[in-house]
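Note: the block below is target.txt and it holds compact mmCIF, C-alpha atoms and all ligand atoms.
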# COMPACT_ATOMS: atom_id res chain seq x y z
CA MET W 172 137.05 115.28 14.47
CA SER W 173 137.68 118.47 16.42
CA LEU W 174 135.74 120.42 19.03
CA PRO W 175 132.03 120.07 18.11
CA ALA W 176 130.65 123.44 16.98
CA ASP W 177 127.41 123.13 18.96
CA LEU W 178 128.85 122.76 22.45
CA PRO W 179 127.32 125.16 24.99
CA PRO W 180 129.35 128.36 25.42
CA LEU W 181 131.64 128.61 28.44
CA THR W 182 130.62 130.72 31.42
CA PRO W 183 133.04 133.54 32.38
CA ASP W 184 134.32 131.37 35.28
CA GLU W 185 134.91 128.40 32.98
CA SER W 186 136.75 130.58 30.45
CA ALA W 187 138.94 131.98 33.23
CA HIS W 188 139.68 128.49 34.47
CA ALA W 189 140.62 127.23 30.99
CA ARG W 190 142.85 130.29 30.48
CA ALA W 191 144.60 129.81 33.83
CA LEU W 192 145.43 126.19 32.97
CA GLU W 193 146.53 127.20 29.49
CA ASP W 194 148.88 129.78 31.06
CA ARG W 195 150.30 127.12 33.36
CA ILE W 196 150.94 124.83 30.38
CA ARG W 197 152.43 127.67 28.31
CA VAL W 198 154.91 128.43 31.12
CA GLU W 199 155.82 124.74 31.28
CA ILE W 200 156.39 124.70 27.50
CA GLU W 201 158.57 127.82 27.71
CA THR W 202 160.71 126.40 30.51
CA ARG W 203 161.22 123.23 28.45
CA ASP W 204 162.59 124.92 25.34
CA GLY W 205 159.26 125.31 23.58
CA TRP W 206 157.94 121.73 23.50
CA ILE W 207 156.44 119.19 25.90
CA GLY W 208 155.48 115.59 25.18
CA PHE W 209 151.79 114.65 25.19
CA ALA W 210 152.06 112.70 28.46
CA ARG W 211 153.31 115.79 30.31
CA PHE W 212 150.57 117.87 28.70
CA MET W 213 147.95 115.29 29.75
CA GLU W 214 149.35 115.15 33.28
CA LEU W 215 149.02 118.94 33.63
CA ALA W 216 145.61 119.05 31.91
CA LEU W 217 144.15 116.39 34.20
CA TYR W 218 146.09 116.55 37.47
CA GLU W 219 147.76 119.95 37.96
CA PRO W 220 146.69 120.86 41.53
CA GLY W 221 143.85 123.39 41.55
CA LEU W 222 143.65 123.52 37.74
CA GLY W 223 143.64 120.06 36.14
CA TYR W 224 140.37 118.38 35.19
CA TYR W 225 140.51 115.85 38.04
CA SER W 226 142.18 118.24 40.49
CA ALA W 227 139.85 121.22 40.39
CA GLY W 228 136.15 121.80 40.96
CA ALA W 229 134.59 120.43 37.74
CA HIS W 230 131.72 118.04 38.38
CA LYS W 231 133.34 115.37 36.16
CA LEU W 232 131.58 112.04 36.74
CA GLY W 233 127.88 111.31 36.71
CA ALA W 234 124.79 112.51 34.89
CA ALA W 235 125.53 116.18 35.71
CA GLY W 236 129.16 115.84 34.66
CA ASP W 237 130.97 114.86 31.48
CA PHE W 238 130.87 111.08 31.39
CA VAL W 239 129.52 108.15 33.36
CA THR W 240 131.27 105.00 34.49
CA ALA W 241 129.79 101.62 35.38
CA PRO W 242 129.67 102.29 39.15
CA GLU W 243 127.86 105.58 38.47
CA VAL W 244 125.09 104.18 36.30
CA ALA W 245 124.82 100.56 37.36
CA PRO W 246 125.34 99.74 41.04
CA VAL W 247 124.96 96.03 40.21
CA PHE W 248 128.46 96.33 38.68
CA SER W 249 129.94 97.24 42.09
CA ARG W 250 127.87 94.53 43.78
CA CYS W 251 129.51 91.98 41.46
CA VAL W 252 132.95 93.44 42.21
CA ALA W 253 132.09 93.12 45.91
CA ARG W 254 131.32 89.43 45.45
CA GLN W 255 134.75 88.93 43.88
CA CYS W 256 136.29 90.85 46.79
CA ALA W 257 134.38 88.72 49.33
CA GLU W 258 135.78 85.54 47.80
CA VAL W 259 139.37 86.83 48.01
CA LEU W 260 138.93 88.27 51.51
CA ALA W 261 137.55 84.93 52.72
CA THR W 262 140.55 83.11 51.26
CA LEU W 263 143.11 85.52 52.68
CA GLY W 264 141.59 85.96 56.14
CA ASP W 265 142.72 89.25 57.63
CA ALA W 266 142.79 91.48 54.54
CA ASP W 267 141.88 94.93 53.23
CA ILE W 268 140.65 96.56 50.03
CA LEU W 269 142.54 99.35 48.29
CA GLU W 270 140.78 101.23 45.50
CA PHE W 271 142.85 103.31 43.09
CA GLY W 272 141.18 106.36 41.56
CA ALA W 273 137.84 106.14 43.35
CA GLY W 274 136.22 109.00 41.38
CA SER W 275 133.00 110.08 43.09
CA GLY W 276 133.23 107.23 45.64
CA ALA W 277 130.21 105.45 44.11
CA MET W 278 131.94 102.07 43.80
CA ALA W 279 133.41 102.27 47.32
CA ALA W 280 129.95 102.92 48.79
CA THR W 281 128.23 100.06 46.93
CA VAL W 282 131.07 97.59 47.49
CA LEU W 283 131.02 98.31 51.23
CA GLU W 284 127.22 97.98 51.39
CA GLU W 285 127.29 94.67 49.55
CA LEU W 286 130.13 93.33 51.71
CA ALA W 287 128.15 94.33 54.81
CA ARG W 288 125.16 92.35 53.44
CA LEU W 289 127.48 89.38 52.87
CA GLU W 290 129.04 89.83 56.35
CA ALA W 291 132.40 90.01 54.65
CA LEU W 292 133.57 93.54 55.44
CA PRO W 293 137.32 94.21 55.30
CA ALA W 294 138.97 95.89 58.28
CA ARG W 295 139.90 98.83 56.06
CA TYR W 296 138.80 100.16 52.68
CA CYS W 297 141.68 102.32 51.48
CA ILE W 298 141.41 104.88 48.69
CA LEU W 299 144.45 106.14 46.78
CA ASP W 300 143.68 108.82 44.21
CA VAL W 301 146.04 111.22 42.47
CA SER W 302 143.33 113.85 42.73
CA ALA W 303 143.16 115.42 46.19
CA ASP W 304 140.10 117.37 44.98
CA LEU W 305 138.04 114.20 44.60
CA ARG W 306 138.67 113.16 48.21
CA GLU W 307 136.00 115.57 49.48
CA ARG W 308 133.50 114.25 46.95
CA GLN W 309 134.29 110.66 47.96
CA GLN W 310 133.87 111.54 51.64
CA ALA W 311 130.49 113.15 50.93
CA THR W 312 129.30 110.16 48.87
CA LEU W 313 130.25 107.69 51.61
CA ALA W 314 128.81 109.82 54.41
CA ASN W 315 125.56 110.05 52.48
CA ALA W 316 125.28 106.45 51.20
CA CYS W 317 126.60 104.42 54.11
CA PRO W 318 127.51 106.57 57.16
CA GLN W 319 127.65 103.45 59.34
CA LEU W 320 130.53 102.08 57.19
CA ALA W 321 132.40 105.30 56.43
CA ASP W 322 134.77 104.89 59.39
CA ARG W 323 136.37 101.90 57.66
CA VAL W 324 137.51 104.10 54.79
CA VAL W 325 141.05 105.43 54.90
CA TRP W 326 142.56 107.84 52.37
CA LEU W 327 146.18 107.18 51.51
CA ASP W 328 148.76 109.50 50.00
CA ARG W 329 150.95 106.67 48.77
CA LEU W 330 150.96 102.90 48.56
CA PRO W 331 151.35 101.12 51.91
CA ASP W 332 154.68 99.38 52.61
CA SER W 333 152.90 96.04 52.75
CA PHE W 334 149.35 95.22 51.69
CA THR W 335 147.32 92.03 51.81
CA GLY W 336 143.95 91.97 50.10
CA VAL W 337 142.23 93.22 46.95
CA MET W 338 143.32 96.22 44.91
CA LEU W 339 140.67 97.69 42.59
CA ALA W 340 141.20 99.99 39.60
CA ASN W 341 138.06 100.76 37.61
CA GLU W 342 138.66 103.15 34.70
CA VAL W 343 141.95 104.30 36.19
CA LEU W 344 144.34 103.01 33.52
CA ASP W 345 142.54 104.99 30.79
CA ALA W 346 143.10 108.19 32.77
CA MET W 347 146.87 107.75 33.04
CA PRO W 348 149.00 110.09 30.91
CA VAL W 349 150.07 108.48 27.63
CA GLU W 350 152.60 109.44 25.01
CA ARG W 351 151.25 109.92 21.49
CA PHE W 352 153.40 108.94 18.55
CA ALA W 353 153.31 109.03 14.75
CA ILE W 354 155.24 106.86 12.30
CA ARG W 355 156.90 109.07 9.66
CA GLY W 356 159.03 107.40 7.02
CA GLY W 357 159.80 104.53 9.38
CA THR W 358 160.91 106.74 12.28
CA VAL W 359 159.01 107.19 15.51
CA ASN W 360 157.97 110.81 16.12
CA ALA W 361 156.58 112.01 19.43
CA LEU W 362 153.42 114.10 19.19
CA GLY W 363 153.86 116.95 21.61
CA VAL W 364 152.57 120.40 22.33
CA THR W 365 153.98 123.87 21.57
CA TRP W 366 152.77 127.44 22.00
CA GLN W 367 152.34 129.14 18.64
CA LEU W 368 150.61 132.40 17.73
CA GLY W 369 148.96 132.63 21.12
CA ARG W 370 147.61 129.08 21.34
CA LEU W 371 148.52 125.48 22.07
CA GLU W 372 149.36 123.49 18.95
CA TRP W 373 150.39 119.96 18.10
CA SER W 374 154.05 119.60 17.17
CA GLU W 375 156.13 116.55 16.28
CA ALA W 376 159.67 115.85 17.39
CA ARG W 377 161.90 112.81 17.01
CA GLY W 378 160.77 110.34 19.72
CA GLY W 379 163.09 109.82 22.70
CA ALA W 380 164.77 106.50 23.46
CA ALA W 381 162.01 105.18 25.74
CA LEU W 382 159.24 105.93 23.23
CA GLU W 383 161.25 104.50 20.33
CA ALA W 384 161.95 101.29 22.30
CA ALA W 385 158.28 100.94 23.31
CA VAL W 386 157.06 101.32 19.71
CA ARG W 387 159.66 98.89 18.37
CA ASP W 388 158.54 96.39 21.06
CA ILE W 389 154.95 96.79 19.85
CA GLU W 390 156.03 96.14 16.25
CA ARG W 391 158.02 93.07 17.30
CA GLU W 392 155.09 91.66 19.25
CA ILE W 393 152.49 92.22 16.54
CA GLY W 394 154.91 90.90 13.93
CA ARG W 395 154.80 93.84 11.51
CA ALA W 396 155.97 97.44 11.16
CA LEU W 397 153.33 100.07 11.87
CA PRO W 398 152.42 101.83 8.61
CA ASP W 399 153.53 105.31 7.67
CA GLY W 400 151.23 107.96 9.13
CA PHE W 401 149.98 105.63 11.90
CA VAL W 402 149.20 107.60 15.08
CA SER W 403 148.59 105.98 18.43
CA GLU W 404 149.32 106.06 22.15
CA VAL W 405 151.56 104.19 24.53
CA ASN W 406 151.56 104.34 28.32
CA LEU W 407 155.15 104.57 29.56
CA THR W 408 154.10 104.84 33.22
CA LEU W 409 152.82 101.27 33.51
CA ALA W 410 156.21 99.83 34.44
CA PRO W 411 156.82 102.14 37.44
CA TRP W 412 153.15 101.85 38.49
CA PHE W 413 153.38 98.06 38.61
CA ARG W 414 156.78 98.14 40.32
CA GLY W 415 155.12 100.15 43.10
CA ILE W 416 152.25 97.66 43.31
CA ALA W 417 154.63 94.69 43.34
CA THR W 418 156.58 96.25 46.20
CA ALA W 419 153.40 96.84 48.21
CA LEU W 420 151.35 93.71 47.46
CA ALA W 421 152.38 90.92 49.82
CA HIS W 422 149.42 88.60 49.10
CA GLY W 423 146.36 89.25 47.03
CA VAL W 424 144.75 90.36 43.82
CA LEU W 425 144.68 93.49 41.68
CA LEU W 426 141.55 93.77 39.60
CA ALA W 427 141.70 96.31 36.75
CA ILE W 428 138.62 96.97 34.63
CA ASP W 429 138.69 99.38 31.72
CA TYR W 430 137.88 99.93 28.07
CA GLY W 431 140.66 98.47 26.02
CA LEU W 432 142.02 95.80 23.77
CA PRO W 433 144.79 93.27 23.45
CA ARG W 434 147.80 94.70 21.61
CA ARG W 435 147.12 93.18 18.17
CA GLU W 436 143.73 94.87 17.99
CA TYR W 437 144.88 98.08 19.66
CA TYR W 438 147.53 98.68 17.00
CA ALA W 439 145.47 97.27 14.09
CA ALA W 440 145.57 99.27 10.84
CA GLU W 441 141.98 100.48 11.21
CA ARG W 442 142.93 102.34 14.42
CA ARG W 443 145.44 104.50 12.55
CA THR W 444 144.43 107.76 14.26
CA GLY W 445 144.79 106.41 17.79
CA THR W 446 142.38 106.07 20.67
CA MET W 447 142.72 109.35 22.59
CA LEU W 448 139.34 110.98 23.26
CA CYS W 449 138.05 113.91 25.29
CA HIS W 450 134.69 113.91 27.08
CA TYR W 451 132.67 117.04 27.77
CA ARG W 452 129.04 116.95 28.90
CA HIS W 453 128.53 113.45 27.52
CA ARG W 454 129.90 114.38 24.08
CA PHE W 455 133.27 113.24 22.82
CA HIS W 456 135.83 114.85 20.55
CA ASP W 457 139.56 114.70 19.83
CA ASP W 458 140.71 118.26 20.56
CA PRO W 459 142.51 118.12 23.93
CA PHE W 460 143.37 121.86 23.79
CA GLY W 461 139.81 123.13 23.30
CA ARG W 462 138.28 123.21 26.77
CA LEU W 463 141.29 122.84 29.00
CA GLY W 464 140.59 121.66 32.52
CA LEU W 465 136.91 121.30 31.66
CA HIS W 466 136.96 118.05 29.71
CA ASP W 467 138.31 114.61 30.46
CA ILE W 468 141.12 113.22 28.30
CA GLY W 469 141.57 109.46 28.11
CA SER W 470 142.79 106.71 25.86
CA TRP W 471 141.99 103.05 25.41
CA VAL W 472 144.07 100.58 27.39
CA ASP W 473 146.53 98.20 25.73
CA PHE W 474 145.89 95.23 28.03
CA SER W 475 148.90 93.33 26.65
CA ALA W 476 151.09 96.21 27.85
CA VAL W 477 149.37 96.16 31.25
CA ALA W 478 149.85 92.39 31.60
CA GLY W 479 153.46 92.66 30.43
CA ALA W 480 154.26 95.41 32.95
CA ALA W 481 152.67 93.38 35.75
CA GLN W 482 154.69 90.29 34.84
CA ALA W 483 157.91 92.28 34.49
CA ALA W 484 157.32 93.54 38.04
CA GLY W 485 157.07 89.94 39.29
CA LEU W 486 153.28 89.63 39.46
CA GLU W 487 151.19 86.88 37.92
CA VAL W 488 148.43 87.49 35.36
CA THR W 489 145.68 85.12 36.49
CA GLY W 490 142.75 86.29 34.43
CA PHE W 491 141.70 88.33 31.40
CA THR W 492 138.17 88.39 30.11
CA THR W 493 135.41 90.70 28.90
CA GLN W 494 133.45 92.72 31.44
CA ALA W 495 130.34 90.71 30.52
CA HIS W 496 132.03 87.39 31.29
CA PHE W 497 133.61 88.79 34.44
CA LEU W 498 130.23 89.92 35.76
CA ILE W 499 128.60 86.61 34.82
CA GLY W 500 131.39 84.83 36.72
CA CYS W 501 130.76 87.06 39.72
CA GLY W 502 127.09 86.09 39.70
CA ILE W 503 125.26 88.98 38.01
CA GLY W 504 122.65 86.32 37.15
CA THR W 505 121.90 85.73 40.81
CA PHE W 506 121.03 89.41 41.23
CA MET W 507 118.70 89.03 38.29
CA SER W 508 116.99 86.12 40.00
CA GLU W 509 116.07 88.54 42.82
CA VAL W 510 113.76 90.37 40.44
CA ALA W 511 110.67 88.46 41.52
CA ALA W 512 110.94 90.20 44.90
CA LEU W 513 111.16 93.67 43.34
CA ASP W 514 108.50 96.07 42.11
CA LEU W 515 108.15 96.85 38.41
CA VAL W 516 110.35 99.98 38.44
CA GLN W 517 113.11 98.18 40.34
CA ARG W 518 112.89 95.23 37.95
CA LEU W 519 113.18 97.45 34.89
CA ASN W 520 116.06 99.32 36.47
CA LEU W 521 117.97 96.14 37.26
CA SER W 522 117.51 94.70 33.79
CA ARG W 523 118.57 98.04 32.24
CA GLN W 524 121.76 97.92 34.33
CA ALA W 525 122.48 94.31 33.37
CA MET W 526 122.01 95.06 29.66
CA LEU W 527 124.22 98.15 29.77
CA LEU W 528 126.98 96.25 31.55
CA THR W 529 126.93 93.03 29.54
CA LEU W 530 125.60 93.58 26.00
CA PRO W 531 128.37 93.50 23.36
CA GLY W 532 127.18 96.79 21.81
CA GLU W 533 127.21 98.50 25.21
CA MET W 534 129.97 97.96 27.81
CA GLY W 535 130.03 94.15 27.73
CA GLU W 536 132.89 93.63 25.27
CA ARG W 537 134.52 97.05 25.00
CA PHE W 538 135.41 96.79 28.67
CA LYS W 539 137.76 94.07 29.89
CA ALA W 540 138.78 92.77 33.30
CA LEU W 541 142.34 91.81 34.14
CA GLY W 542 143.30 89.92 37.30
CA VAL W 543 146.85 90.16 38.61
CA THR W 544 147.96 88.26 41.69
CA ARG W 545 150.83 87.74 44.07
CA GLY W 546 150.95 84.85 46.53
CA TYR W 547 147.33 83.98 45.74
CA ASP W 548 146.54 80.60 44.19
CA ALA W 549 142.78 80.20 44.69
CA PRO W 550 140.54 80.48 41.61
CA LEU W 551 138.84 83.81 40.93
CA SER W 552 135.14 83.44 40.05
CA GLY W 553 135.16 86.49 37.79
CA PHE W 554 137.60 84.77 35.46
CA SER W 555 136.04 81.32 35.60
CA VAL W 556 133.62 81.71 32.66
CA ARG W 557 135.91 82.69 29.80
CA ASP W 558 139.70 82.86 29.78
CA LEU W 559 141.01 85.26 27.12
CA ARG W 560 144.63 85.41 28.31
CA HIS W 561 145.81 83.83 25.06
CA LEU W 562 144.87 87.09 23.30
CA LEU W 563 147.24 89.19 25.40
C1 LIG W 601 137.83 108.00 34.85
S1 LIG W 601 137.96 108.30 36.57
C2 LIG W 601 137.25 106.79 37.21
C3 LIG W 601 136.67 106.96 38.58
C4 LIG W 601 136.07 105.71 39.22
N1 LIG W 601 137.04 104.65 39.39
C5 LIG W 601 134.87 105.20 38.46
O1 LIG W 601 134.95 104.14 37.85
O2 LIG W 601 133.83 105.89 38.46
C6 LIG W 601 139.69 108.11 36.85
C7 LIG W 601 140.12 108.21 38.29
O3 LIG W 601 141.46 107.71 38.41
C8 LIG W 601 142.24 108.62 39.18
N2 LIG W 601 143.64 108.31 38.82
C9 LIG W 601 144.27 108.46 37.65
N3 LIG W 601 145.54 107.99 37.70
C10 LIG W 601 145.70 107.47 38.94
C11 LIG W 601 146.78 106.82 39.60
N4 LIG W 601 147.95 106.61 39.01
N5 LIG W 601 146.60 106.42 40.89
C12 LIG W 601 145.41 106.64 41.51
N6 LIG W 601 144.37 107.27 40.94
C13 LIG W 601 144.50 107.67 39.66
C14 LIG W 601 141.63 109.96 38.83
O4 LIG W 601 141.96 110.96 39.74
C15 LIG W 601 140.14 109.61 38.86
O5 LIG W 601 139.64 109.57 40.17
Write out the structure in this file as structure tokens.
Ligand SMILES: C[S@@+](CC[C@H](N)C(=O)[O-])C[C@H]1O[C@@H](n2cnc3c(N)ncnc32)[C@H](O)[C@@H]1O
Amino acid sequence: MSLPADLPPLTPDESAHARALEDRIRVEIETRDGWIGFARFMELALYEPGLGYYSAGAHKLGAAGDFVTAPEVAPVFSRCVARQCAEVLATLGDADILEFGAGSGAMAATVLEELARLEALPARYCILDVSADLRERQQATLANACPQLADRVVWLDRLPDSFTGVMLANEVLDAMPVERFAIRGGTVNALGVTWQLGRLEWSEARGGAALEAAVRDIEREIGRALPDGFVSEVNLTLAPWFRGIATALAHGVLLAIDYGLPRREYYAAERRTGTMLCHYRHRFHDDPFGRLGLHDIGSWVDFSAVAGAAQAAGLEVTGFTTQAHFLIGCGIGTFMSEVAALDLVQRLNLSRQAMLLTLPGEMGERFKALGVTRGYDAPLSGFSVRDLRHLL
């Protein structure tokens, strides 16, 4: 797969934007002796201030953007998340919510509205996003959807010193920079990026110590060597990310929902070209250099790695299940029982949302929910229906 031939042409502004980001990356490559690893490339492509996909003006999420997420297309998803939050907030007493990577702010708005309905509002709803550009969009969404609740929302530049409550991360892990690697004759090569003949190109180099160790850990855990030519991804930033969370989280729960797999499936032979994908105007492709700054780049999440990093940081993994089972545990069925009170259009809309979120061929099984806790022993409804932790 490469850049689809029938994508709409770029406007002059889009071309200029892509070229400016390409220049920035070329300079970075030149200052690093002609080669950068994929994770650094991805970090620049997505988050370079003023240029990266998430850090510049592109519309990104939603029907008019490049891809949609559950909170964008199915508010009942966020209402279920709110129910899980309400349960934890009631157990903890005086507690807050902190959402990582809030995107357009759609989930924040619906969660706050649902918590207001349940009379379970937190004192503060904090948002921590690596993209400063999205902050304005989040503020506009909240001001528009629930102006009466917007004053509870606080934007943070870093994790608080001490936090009690619920941390939420929906489709954040897939947007973290990953290293790409290839197995060549038993050695671990890093797939990186060079500048050749006036363009960005893939280039392999012997993997560094951290990448080599991570791949050998994967092979040990799945009980076999990865085959020659196998290409995949590994997120080396999970350990520091969870160390930060473990330092901040005094009591409470982190809920991470994303598309991903346990390690054995993630590194199965049939996934021998990896999981990295780019999204542009609701089409996907595997050429991250093609429309720089204009398309999203993401990869599937290795949930075993996420759970392992959380545990290594001293946190407890208290739940792992499919999105469908998580939503059922949170009571998506009770929303469906409201349908009698709705008109036909609302009923159809609600059942469309429920199908999209829970059917195995849609988001129901591809997406998983992981619950991580510290100093929190009460059961979590979202994980009460089906426990899949043995697969991690
Ligand atoms: C795919 S979007 C998902 C947005 C939103 N959560 C949703 O579900 O619609 C990824 C979001 O995560 C943010 N992000 C990526 N890495 C992050 C990190 N380490 N900490 C906080 N936000 C992050 C991005 O800026 C972006 O807002």
Would you pick out the contacts of Ala417 (chain W) at 7 Å or less, using only C-alpha atoms, so that residues sharing its chain but fewer than 3 positions from it are not included, and give the list as a list in words? Phe413, Arg414, Leu420, Ala484, Gly485 and Leu486 of chain W
Do a neighbour search on region 208-211 of chain W at 9 Å with all atoms listed in the file, toss out local chain neighbours closer than 2 positions, and write the hits as an MDAnalysis selection string. chainID W and resid 206 213:216 347:352 361:364 373 375:376 406:407
With C-alpha atoms retained, could you export that selection as a compact mmCIF listing (two decimals), in the frame of the given file?
# COMPACT_ATOMS: atom_id res chain seq x y z
CA TRP W 206 157.94 121.73 23.50
CA MET W 213 147.95 115.29 29.75
CA GLU W 214 149.35 115.15 33.28
CA LEU W 215 149.02 118.94 33.63
CA ALA W 216 145.61 119.05 31.91
CA MET W 347 146.87 107.75 33.04
CA PRO W 348 149.00 110.09 30.91
CA VAL W 349 150.07 108.48 27.63
CA GLU W 350 152.60 109.44 25.01
CA ARG W 351 151.25 109.92 21.49
CA PHE W 352 153.40 108.94 18.55
CA ALA W 361 156.58 112.01 19.43
CA LEU W 362 153.42 114.10 19.19
CA GLY W 363 153.86 116.95 21.61
CA VAL W 364 152.57 120.40 22.33
CA TRP W 373 150.39 119.96 18.10
CA GLU W 375 156.13 116.55 16.28
CA ALA W 376 159.67 115.85 17.39
CA ASN W 406 151.56 104.34 28.32
CA LEU W 407 155.15 104.57 29.56
Given the point (132.6, 93.0, 46.4) in the coordinates of this file, which residues lie within 10 Å, counting only C-alpha atoms, and how would they look as a PDB file with C-alpha atoms, in the coordinates of the input?
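Wrote it out as out26.pdb, contents follow:
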ATOM      1  CA  PHE W 248     128.460  96.330  38.680  1.00  0.00           C
ATOM      2  CA  SER W 249     129.940  97.240  42.090  1.00  0.00           C
ATOM      3  CA  ARG W 250     127.870  94.530  43.780  1.00  0.00           C
ATOM      4  CA  CYS W 251     129.510  91.980  41.460  1.00  0.00           C
ATOM      5  CA  VAL W 252     132.950  93.440  42.210  1.00  0.00           C
ATOM      6  CA  ALA W 253     132.090  93.120  45.910  1.00  0.00           C
ATOM      7  CA  ARG W 254     131.320  89.430  45.450  1.00  0.00           C
ATOM      8  CA  GLN W 255     134.750  88.930  43.880  1.00  0.00           C
ATOM      9  CA  CYS W 256     136.290  90.850  46.790  1.00  0.00           C
ATOM     10  CA  ALA W 257     134.380  88.720  49.330  1.00  0.00           C
ATOM     11  CA  GLU W 258     135.780  85.540  47.800  1.00  0.00           C
ATOM     12  CA  VAL W 259     139.370  86.830  48.010  1.00  0.00           C
ATOM     13  CA  LEU W 260     138.930  88.270  51.510  1.00  0.00           C
ATOM     14  CA  ILE W 268     140.650  96.560  50.030  1.00  0.00           C
ATOM     15  CA  MET W 278     131.940 102.070  43.800  1.00  0.00           C
ATOM     16  CA  ALA W 279     133.410 102.270  47.320  1.00  0.00           C
ATOM     17  CA  THR W 281     128.230 100.060  46.930  1.00  0.00           C
ATOM     18  CA  VAL W 282     131.070  97.590  47.490  1.00  0.00           C
ATOM     19  CA  LEU W 283     131.020  98.310  51.230  1.00  0.00           C
ATOM     20  CA  GLU W 284     127.220  97.980  51.390  1.00  0.00           C
ATOM     21  CA  GLU W 285     127.290  94.670  49.550  1.00  0.00           C
ATOM     22  CA  LEU W 286     130.130  93.330  51.710  1.00  0.00           C
ATOM     23  CA  ALA W 287     128.150  94.330  54.810  1.00  0.00           C
ATOM     24  CA  LEU W 289     127.480  89.380  52.870  1.00  0.00           C
ATOM     25  CA  ALA W 291     132.400  90.010  54.650  1.00  0.00           C
ATOM     26  CA  LEU W 292     133.570  93.540  55.440  1.00  0.00           C
ATOM     27  CA  VAL W 337     142.230  93.220  46.950  1.00  0.00           C
ATOM     28  CA  CYS W 501     130.760  87.060  39.720  1.00  0.00           C
TER      29      CYS W 501
END
Step by step, measure atom-to-atom distances between ligand LIG 601 (chain W) and each residue using only C-alpha atoms and all ligand atoms, keep those at most 6 Å, then write them as a PyMOL selection string. chain W and resi 225+240+242-243+271-274+299-302+341-343+346-347
Which neighbours of region 481-483 of chain W fall inside 12 Å, counting only C-alpha atoms, when residues of the same chain fewer than 6 positions from it are skipped, and could you give them as a ChimeraX atom specification? /W:408-418,420,424-427,474-475,489,541-545
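Considering the residues W:Ile503, W:Ala353, W:Leu371, W:Ala495 and counting all atoms listed in the file, Gly445 (chain W) has its shortest atom-to-atom contact with W:Ala353.
By only C-alpha atoms, and with residues fewer than 2 positions from region 454-456 of chain W along its chain excluded, the set lying at most 12 Å from it is Met172, Ser173, Leu174, Pro175, Ala176, Asp177, Leu178, Pro179, Gly236, Asp237, Phe238, Val239, Thr446, Met447, Leu448, Cys449, His450, Tyr451, Arg452, Asp458, Pro459, Phe460, Gly461, Arg462, His466, Asp467, Ile468, Gly469 and Ser470 of chain W.
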Just to confirm, what's the straight-line distance from CA of Gln309 (chain W) to CA of Ser275 (chain W) in Å (one decimal)? 5.1 Å
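For the set W:Gly221, W:Gly356, W:Pro433, W:Pro398, the residue with the smallest atom-to-atom gap to Leu559 (chain W) is W:Pro433, counting all atoms listed in the file.
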Pick the closest to Ala549 (chain W) from W:Leu368, W:Ile200, W:Leu263, W:Leu498: which is it, counting only C-alpha atoms? W:Leu263
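With all atoms listed in the file as the atoms that count, the residue of W:Ala191, W:Ala280, W:Ala476, W:Asp345 with the shortest distance to Ile389 (chain W) is W:Ala476.
With only C-alpha atoms as the atoms that count, the minimum distance from Arg370 (chain W) to the choices W:Ser403, W:Ala540, W:Ile196, W:Leu382 is reached by W:Ile196.
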Would you kindly place N, CA, C and O atoms on region 310-317 of chain W and return the model as a PDB file, in the coordinates of the input?
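The file below, selection27.pdb, is the result:
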ATOM      1  N   GLN W 310     134.311 111.518  50.239  1.00  0.00           N
ATOM      2  CA  GLN W 310     133.870 111.540  51.640  1.00  0.00           C
ATOM      3  C   GLN W 310     132.384 111.839  51.729  1.00  0.00           C
ATOM      4  O   GLN W 310     131.652 111.199  52.492  1.00  0.00           O
ATOM      5  N   ALA W 311     131.918 112.778  50.900  1.00  0.00           N
ATOM      6  CA  ALA W 311     130.490 113.150  50.930  1.00  0.00           C
ATOM      7  C   ALA W 311     129.636 111.978  50.454  1.00  0.00           C
ATOM      8  O   ALA W 311     128.599 111.667  51.059  1.00  0.00           O
ATOM      9  N   THR W 312     130.072 111.299  49.386  1.00  0.00           N
ATOM     10  CA  THR W 312     129.300 110.160  48.870  1.00  0.00           C
ATOM     11  C   THR W 312     129.162 109.083  49.947  1.00  0.00           C
ATOM     12  O   THR W 312     128.070 108.550  50.191  1.00  0.00           O
ATOM     13  N   LEU W 313     130.269 108.767  50.611  1.00  0.00           N
ATOM     14  CA  LEU W 313     130.250 107.690  51.610  1.00  0.00           C
ATOM     15  C   LEU W 313     129.427 108.102  52.827  1.00  0.00           C
ATOM     16  O   LEU W 313     128.655 107.297  53.360  1.00  0.00           O
ATOM     17  N   ALA W 314     129.561 109.358  53.227  1.00  0.00           N
ATOM     18  CA  ALA W 314     128.810 109.820  54.410  1.00  0.00           C
ATOM     19  C   ALA W 314     127.317 109.783  54.113  1.00  0.00           C
ATOM     20  O   ALA W 314     126.502 109.496  54.989  1.00  0.00           O
ATOM     21  N   ASN W 315     126.956 110.028  52.873  1.00  0.00           N
ATOM     22  CA  ASN W 315     125.560 110.050  52.480  1.00  0.00           C
ATOM     23  C   ASN W 315     125.008 108.630  52.281  1.00  0.00           C
ATOM     24  O   ASN W 315     123.932 108.290  52.762  1.00  0.00           O
ATOM     25  N   ALA W 316     125.794 107.783  51.587  1.00  0.00           N
ATOM     26  CA  ALA W 316     125.280 106.450  51.200  1.00  0.00           C
ATOM     27  C   ALA W 316     125.359 105.447  52.348  1.00  0.00           C
ATOM     28  O   ALA W 316     124.465 104.618  52.517  1.00  0.00           O
ATOM     29  N   CYS W 317     126.437 105.459  53.091  1.00  0.00           N
ATOM     30  CA  CYS W 317     126.600 104.420  54.110  1.00  0.00           C
ATOM     31  C   CYS W 317     127.398 104.964  55.309  1.00  0.00           C
ATOM     32  O   CYS W 317     128.529 104.530  55.556  1.00  0.00           O
TER      33      CYS W 317
END
